[in-house]
Amino acid sequence: MGGASIKVLREKVFDKSRWMQLPRDVIIGHNVLGEIPSVCRDLNLGSRALLIAGEHTMGIAGERIASLLGETCEVETYITHGNSLEEIAAVEKAGASADFMVGVGGGRVIDTAKIVSYNLDRQFISVPTAAAHDGVASSRATVPSPEGNISLSAHPPIAVVADTGIIAAAPRRLLASGCADIISNYTAILDWELAHRLRGEPLSEYAMALSKMTAEITVKNAAVISAHTEESAWMVMKALVSSGVAMSIAGSSRPASGGEHKFSHALDRIAPGQALHGEQCGLGAIITMYLHGGDWRWIRDSLKKIGAPTTPAGLGISDETAVEALLAAPSIRPERFTILDMGLSRERAEAIVKMLYEE
Ligand SMILES: NC(=O)C1=CN([C@@H]2O[C@H](COP(=O)(O)OP(=O)(O)OC[C@H]3O[C@@H](n4cnc5c(N)ncnc54)[C@H](OP(=O)(O)O)[C@@H]3O)[C@@H](O)[C@H]2O)C=CC1
Ligand SMILES: O=C(CO)COP(=O)(O)O
Ligand SMILES: [Zn+2]
């Protein structure tokens, strides 16, 4: 009897817990914009909406959604110009009396809607107009700061409505960028494993498996995707949603963001507005795969197949800028340990950037 109670005392207490938040409704497909009023009714979101879109995306889909919603709701519209903390504060003011938000556009608009709705404790619907990034369904929001981009905890959208007709009509470059953001999951996972081995950072096997599978399916379907049809939009959008779910499972962007993302964030600071987020991450993934000793040529060729750039010139930046971004990457989010935080010399960074032009 005494022996049994000693055994109980010695057992390690299991004290782990995680709160995973995921979207409730995910609707992807042809002409699904028309479903938005039903989604609002189904989820009981209220009668006053703030619709947030960008300069281009307001005309591409925002106005149509506002008119659809206008039949049953009071709708205010707001055009954002980026996702700076000042812009977020302004949208928050505009949304103070809204019951819910609808974010219509690219990654910056969706991140703005995500953080504003989180701060105001409202729900939001994510309506991507392009398949360019994997923040469509994630619970994280990336915003610029003087120290570089920071990843804030927020909440996932209550619903995602992705109209493949609209997404397929977006410029080809945006779709290729989304694929590159997904392909960079390969190196993000290698960095996470490295941080586990060297720093004891906890891993989530489920998040890693989902993130890797998403990248594998994308590469396997490169030929279909590069045709840039509505079927391509369907495939890439499913991958982007799955990658966002992997981030929600992990409770951080780790499964989809490693050194290649730190390189991209450094570029956003050094050479803002030159290239798309996913394009930058794709180039970063070639370099970090090389540093991990993996098959970097395969990453490069996969990116080429889907039409994403694979050199600094392809991003519209100089080789020197790419070298500066590689060297600056460790200063971005220093707590996120990656292969770029292991001490890359300028000389090696220059040699690696030259290597990118190899046939
Ligand atoms: N939270 C997360 O988990 C993640 C966040 N991100 C973040 O997302 C951002 C990148 O998103 P991304 O979409 O690449 O960049 P942007 O949001 O900057 O959008 C790029 C451009 O595409 C335009 N656009 C969008 N849809 C269409 C369309 N159908 N036709 C024509 N133009 C269109 C936008 O127009 P407009 O001018 O109207 O906006 C904008 O000019 C970064 O800030 C990144 O950090 C990326 C991955 C994950
Ligand atoms: O872009 C992301 C995943 O693709 C989000 O990652 P960050 O946390 O690096 O912004
Ligand atoms: Zn990304």
# chains A, B, ... in the order shown; residues from 1 in each chain; ligands from 1
>>> residues_near_ligand(ligand="ligand 3", cutoff="6 Å", atoms="only C-alpha atoms and all ligand atoms", output="list of chain:residue names")
A:His133, A:Asp181, A:Gly278
>>> residues_around(residues="Ala154 in chain A", least_positions_apart="2", cutoff="12 Å", atoms="only C-alpha atoms", output="VMD selection string")
chain A and resid 20 to 22 110 to 124 135 137 to 143 151 to 152 156 to 157 247 to 248 251 to 253
>>> write_last_selection(atoms="C-alpha atoms", output="compact mmCIF listing (two decimals), in the first residue's frame")
# COMPACT_ATOMS: atom_id res chain seq x y z
CA MET A 20 -5.77 25.38 -31.19
CA GLN A 21 -8.06 27.74 -33.05
CA LEU A 22 -9.18 26.87 -36.56
CA ILE A 110 -6.14 39.75 -44.52
CA ASP A 111 -3.54 40.28 -41.77
CA THR A 112 -5.04 43.74 -41.12
CA ALA A 113 -8.57 42.29 -40.83
CA LYS A 114 -7.20 39.51 -38.63
CA ILE A 115 -5.48 41.77 -36.13
CA VAL A 116 -8.24 44.43 -36.09
CA SER A 117 -10.98 41.85 -35.46
CA TYR A 118 -8.83 40.21 -32.78
CA ASN A 119 -8.19 43.53 -31.02
CA LEU A 120 -11.89 44.46 -31.19
CA ASP A 121 -12.98 40.96 -30.17
CA ARG A 122 -15.07 40.45 -33.33
CA GLN A 123 -15.13 37.66 -35.88
CA PHE A 124 -13.81 38.08 -39.42
CA GLY A 135 -1.89 33.54 -44.08
CA ALA A 137 -6.54 30.75 -42.69
CA SER A 138 -3.75 31.06 -40.11
CA SER A 139 -4.10 32.45 -36.60
CA ARG A 140 -0.97 34.61 -36.95
CA ALA A 141 -0.64 38.14 -38.31
CA THR A 142 2.62 39.53 -39.69
CA VAL A 143 3.10 43.28 -39.37
CA SER A 151 4.50 37.82 -36.07
CA LEU A 152 1.61 38.59 -33.72
CA PRO A 156 -8.02 32.60 -37.37
CA PRO A 157 -10.93 33.73 -39.53
CA MET A 247 0.59 27.02 -38.07
CA SER A 248 -2.55 26.92 -35.91
CA GLY A 251 0.62 27.74 -32.18
CA SER A 252 3.33 29.60 -34.11
CA SER A 253 4.46 30.14 -37.70
>>> residues_around(residues="Ile166 in chain A", least_positions_apart="2", cutoff="8 Å", atoms="only C-alpha atoms", output="list in words")
Ile60, Ala61, Thr129, Ala130, Asp163, Thr164, Ala168, Ala169 and Ala170 of chain A
>>> write_last_selection(atoms="C-alpha atoms", output="PDB file, in the first residue's frame")
ATOM      1  CA  ILE A  60     -11.893  43.192 -57.953  1.00  0.00           C
ATOM      2  CA  ALA A  61     -14.201  41.681 -55.308  1.00  0.00           C
ATOM      3  CA  THR A 129      -8.435  37.398 -54.049  1.00  0.00           C
ATOM      4  CA  ALA A 130      -5.150  35.674 -54.892  1.00  0.00           C
ATOM      5  CA  ASP A 163     -13.564  32.067 -55.083  1.00  0.00           C
ATOM      6  CA  THR A 164     -11.411  30.159 -57.558  1.00  0.00           C
ATOM      7  CA  ALA A 168      -7.508  32.265 -61.293  1.00  0.00           C
ATOM      8  CA  ALA A 169      -7.984  35.690 -62.900  1.00  0.00           C
ATOM      9  CA  ALA A 170      -5.270  37.243 -60.695  1.00  0.00           C
TER      10      ALA A 170
END
>>> select_by_dssp(residues="range 113-296 of chain A", states="alpha helix (DSSP H)", output="ChimeraX atom specification")
/A:113-119,164-169,172-183,185-199,205-220,222-226,230-250,259-270,277-291,296
>>> residues_around(residues="Gly314 in chain A", least_positions_apart="2", cutoff="10 Å", atoms="only C-alpha atoms", output="number ranges by chain")
A: 275, 279-280, 283, 308-312, 316-318
>>> closest_residue(among="A:Leu326, A:Leu33, A:Val241, A:Ile150", to="ligand 2", atoms="only C-alpha atoms and all ligand atoms")
A:Ile150
>>> select_by_dssp(residues="range 34-185 of chain A", states="strand (DSSP E)", output="ChimeraX atom specification")
/A:48-54,74-80,100-105,123-128,140-143,150-153,159-163
>>> write_last_selection(atoms="C-alpha atoms", output="CSV table (one decimal), in the first residue's frame")
chain,number,residue,atom,x,y,z
A,48,ARG,CA,-23.2,45.6,-39.2
A,49,ALA,CA,-20.1,44.7,-41.3
A,50,LEU,CA,-16.9,46.5,-41.9
A,51,LEU,CA,-15.4,45.4,-45.3
A,52,ILE,CA,-11.7,45.9,-45.6
A,53,ALA,CA,-10.0,45.7,-49.0
A,54,GLY,CA,-6.9,47.1,-50.8
A,74,GLU,CA,-25.4,47.6,-43.0
A,75,VAL,CA,-21.9,47.6,-44.7
A,76,GLU,CA,-19.1,50.1,-44.4
A,77,THR,CA,-16.1,49.8,-46.6
A,78,TYR,CA,-12.5,50.8,-45.8
A,79,ILE,CA,-9.6,50.8,-48.3
A,80,THR,CA,-6.2,50.0,-46.6
A,100,PHE,CA,-17.9,41.7,-37.8
A,101,MET,CA,-15.2,42.3,-40.4
A,102,VAL,CA,-14.6,41.0,-43.9
A,103,GLY,CA,-11.0,41.1,-45.2
A,104,VAL,CA,-10.9,41.0,-49.1
A,105,GLY,CA,-7.6,40.9,-50.8
A,123,GLN,CA,-15.1,37.7,-35.9
A,124,PHE,CA,-13.8,38.1,-39.4
A,125,ILE,CA,-14.2,36.4,-42.8
A,126,SER,CA,-11.1,35.9,-44.9
A,127,VAL,CA,-11.8,36.4,-48.6
A,128,PRO,CA,-8.5,35.9,-50.5
A,140,ARG,CA,-1.0,34.6,-37.0
A,141,ALA,CA,-0.6,38.1,-38.3
A,142,THR,CA,2.6,39.5,-39.7
A,143,VAL,CA,3.1,43.3,-39.4
A,150,ILE,CA,6.9,40.7,-36.3
A,151,SER,CA,4.5,37.8,-36.1
A,152,LEU,CA,1.6,38.6,-33.7
A,153,SER,CA,-0.8,36.1,-32.1
A,159,ALA,CA,-14.8,31.5,-42.2
A,160,VAL,CA,-12.7,31.5,-45.4
A,161,VAL,CA,-14.4,32.1,-48.7
A,162,ALA,CA,-12.0,31.6,-51.6
A,163,ASP,CA,-13.6,32.1,-55.1
>>> atom_distance(atom1="CA of Ala256 in chain A", atom2="CA of Gly62 in chain A")
28.5 Å
>>> residues_around(residues="Tyr290 in chain A", least_positions_apart="6", cutoff="9 Å", atoms="only C-alpha atoms", output="list of chain:residue names")
A:Trp296, A:Arg297, A:Ile352
>>> write_last_selection(atoms="N, CA and C atoms", output="compact mmCIF listing (two decimals), in the first residue's frame")
# COMPACT_ATOMS: atom_id res chain seq x y z
N TRP A 296 19.38 21.50 -53.01
CA TRP A 296 18.93 22.86 -53.33
C TRP A 296 18.55 23.00 -54.80
N ARG A 297 19.19 22.19 -55.65
CA ARG A 297 18.86 22.28 -57.09
C ARG A 297 17.42 21.81 -57.32
N ILE A 352 27.56 31.97 -52.37
CA ILE A 352 26.27 31.24 -52.52
C ILE A 352 25.35 32.01 -53.48
>>> residues_around(residues="Lys304 in chain A", least_positions_apart="3", cutoff="10 Å", atoms="only C-alpha atoms", output="list in words")
Ala176, Ala180, Ala222, Ser226, Trp298, Ile299, Arg300, Asp301, Gly307, Ala308, Pro309 and Thr310 of chain A
>>> write_last_selection(atoms="C-alpha atoms", output="compact mmCIF listing (two decimals), in the first residue's frame")
# COMPACT_ATOMS: atom_id res chain seq x y z
CA ALA A 176 3.55 31.26 -58.28
CA ALA A 180 6.91 29.39 -53.38
CA ALA A 222 3.54 21.62 -60.45
CA SER A 226 1.69 26.11 -63.87
CA TRP A 298 15.60 20.35 -56.66
CA ILE A 299 14.06 23.27 -54.73
CA ARG A 300 15.27 25.64 -57.46
CA ASP A 301 13.89 23.45 -60.26
CA GLY A 307 7.21 30.01 -62.66
CA ALA A 308 8.67 31.57 -59.49
CA PRO A 309 11.98 33.48 -59.58
CA THR A 310 15.16 31.71 -58.47
>>> closest_residue(among="A:Ala329, A:Ala250, A:Leu175, A:Ile286", to="Pro202 in chain A", atoms="only C-alpha atoms")
A:Ala250
>>> closest_residue(among="A:Ala132, A:Ile88, A:Met289, A:Val32", to="ligand 2", atoms="only C-alpha atoms and all ligand atoms")
A:Ala132
>>> residues_around(residues="Val219 in chain A", least_positions_apart="5", cutoff="9 Å", atoms="only C-alpha atoms", output="PyMOL selection string")
chain A and resi 179+183+214+302-303+305-306
>>> write_last_selection(atoms="C-alpha atoms", output="compact mmCIF listing (two decimals), in the first residue's frame")
# COMPACT_ATOMS: atom_id res chain seq x y z
CA CYS A 179 3.47 28.06 -54.31
CA ILE A 183 7.69 25.15 -51.07
CA THR A 214 1.33 20.47 -48.29
CA SER A 302 10.55 23.05 -58.47
CA LEU A 303 10.27 26.82 -58.20
CA LYS A 305 8.45 24.68 -62.85
CA ILE A 306 5.75 26.78 -61.22
>>> closest_residue(among="A:Gly34, A:Gly273, A:Gly258, A:Gly70", to="ligand 1", atoms="only C-alpha atoms and all ligand atoms")
A:Gly273
>>> atom_distance(atom1="atom 8 (O, counted along the ligand's line) of ligand 1", atom2="CA of Ala271 in chain A")
16.2 Å
>>> closest_residue(among="A:Thr187, A:Asn149, A:Ser204, A:Ser211", to="ligand 2", atoms="only C-alpha atoms and all ligand atoms")
A:Asn149
>>> atom_distance(atom1="CA of Ile65 in chain A", atom2="CA of Gly82 in chain A")
20.8 Å
>>> closest_residue(among="A:Ile182, A:Leu356, A:Ile249, A:Ala351", to="ligand 2", atoms="only C-alpha atoms and all ligand atoms")
A:Ile182
